[in-house]
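As structure tokens, the structure follows; a few thoughts come after it.
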Amino acid sequence: MKRADQKEPSMLIRENYGSGKFGLSIEIFPPKTAAGDAALFASLDRLAVFRPGFVSCTYGAGGSTSKRTVELCVEIQNRYGLTATSHFTCVGATRAELLDWLKFARQNGLQNIMALRGDPPVGQSDFQPVAGGLRYANELVALIRQHFPDMGIGVGGYPEKHPEALDADTDLNNLKRKVDAGADAIFTQLFFVNDNFFRFRDRCEAAAIRIPIVPGIMPVTEFARIKRITSLCGAVFPIDLASRLETVQTDEAAQFQIGVEWAIRQCRELVSRGVPGLHFYALNKSAACEAILREIRD
């Protein structure tokens with residue numbers, strides 16, 4: 001719980017990086033049940049010890065958790081004195097409705113937004129904006145920057161290319177548009193092969209993208225679940241990691257240990273090669289992130 005002497009969080013995304021700082025962030029999603037809420041806050045009780053620069057909360061398909069996401073962010077700020085960052089998408093909303101939601105978020109004390117286009121609604125093969133809505137994430141970044149210039153803005157980046165992009169160059173150009181529209185930092189999709197991230201970082205540098213590029217890490221603790229996630233986002237799953245996990249599919253503890261050890265090696269190399277921070281996809285659990293953070297902070 002938040003101590004009486006804790007100040008209200010006021011850190012903008014960009015203030016987590018640079019000048020000798022190392023930005024740690026944790027991503028969670030809105031639970032659907034009271035039991036899920038209890039489990040989430042039990043995990044955050046443990047992860048808050050590491051004092052992440054912010055906790056980000058996802059935004060349900062079609063904006064289905066738009067109000068819930070803000071409420072959860074407010075609860076996180078009140079409980080822990082940590083900055084919370086709300087995800088925000090273009091899906092299913094007009095420009096006016098997007099502005100109304102931004103006003104609601106700002107009035108509730110949120111100062112940072114993770115600006116994303118969002119996935120196509122169920123039943124649609126490609127993204128189609130509603131009448132009067134926005135089609136691209138760079139338009140959402142520009143909208144936020146125009147009307148709420150004091151807010152921090154994070155955007156997504158794909159080290160191994162967005163699944164819908166025609167090619168890597170097209171994807172990089174799309175990212176550059178988001179940066180030029182006013183983004184403060186890039187948070188990457190999960191990946192398991194560091195060389196792919198380093199090549200992506202080099203290409204961003206060549207494209208004059210100068211804002212922090214923060215690698216996204218998802219520890220492998222359930223092989224079947226990771227396979228589903230990587231099939232959706234297009235992340236490369238290393239053959240050697242897959243084969244090791246396949247041999248212990250019925251042993252949860254062994255899967256956990258293999259996944260955590262892989263992530264520790266990933267994080268140590270990333271830190272040694274100068275990343276500005278790490279962004280953990282925690283899946284509302286704490287054990288794997290705790291184990292990783294204990295090791296890499298020693």
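Naming works like this for the structure tokens: A, B, ... for the chains as they're shown, residue 1 at the start of each chain, ligands 1 onward in shown order.
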
For region 241-258 of chain A, list every protein, DNA or RNA residue within 7 Å, evaluated using only C-alpha atoms, and leave out those in the same chain fewer than 6 positions away; present the list as a list in words.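 What passes the distance filter is Val220, Thr221, Glu222 and Phe223 of chain A.
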
Show which residues sit within 7 Å of region 145-159 of chain A, as a PyMOL selection string. Count only C-alpha atoms, and ignore same-chain residues fewer than 6 positions away. chain A and resi 12-14+111-116+175+182-189+196-197+200

Could you list, as a ChimeraX atom specification, every residue within 7 Å of Gly118 (chain A), counting only C-alpha atoms and ignoring same-chain residues fewer than 3 positions away? /A:89-91

Nearest to Asn78 (chain A) by atom-to-atom distance, counting only C-alpha atoms, from A:Arg199, A:Arg117, A:Gly109, A:Cys233: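 Under the stated criterion, the closest residue is A:Gly109.
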
Among the residues of region 25-217 of chain A, find those DSSP assigns to alpha helix (DSSP H) from the backbone and print them as a ChimeraX atom specification. /A:34-47,66-80,95-107,137-147,168-181,194-206

Which residue, A:Phe237, A:Ile26, A:Asp37, A:Leu98, has the smallest gap to Thr85 (chain A) when you use only C-alpha atoms? A:Ile26

Have a look at A:Leu190, A:Thr230, A:Gly36, A:Pro215 and name the one nearest to Gly277 (chain A); count only C-alpha atoms. A:Pro215

Have a look at A:Ala93, A:Ala291, A:Ala181, A:Ala235 and name the one nearest to Phe50 (chain A); count only C-alpha atoms.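 Residue with the minimum atom-to-atom distance to Phe50 (chain A): A:Ala291.
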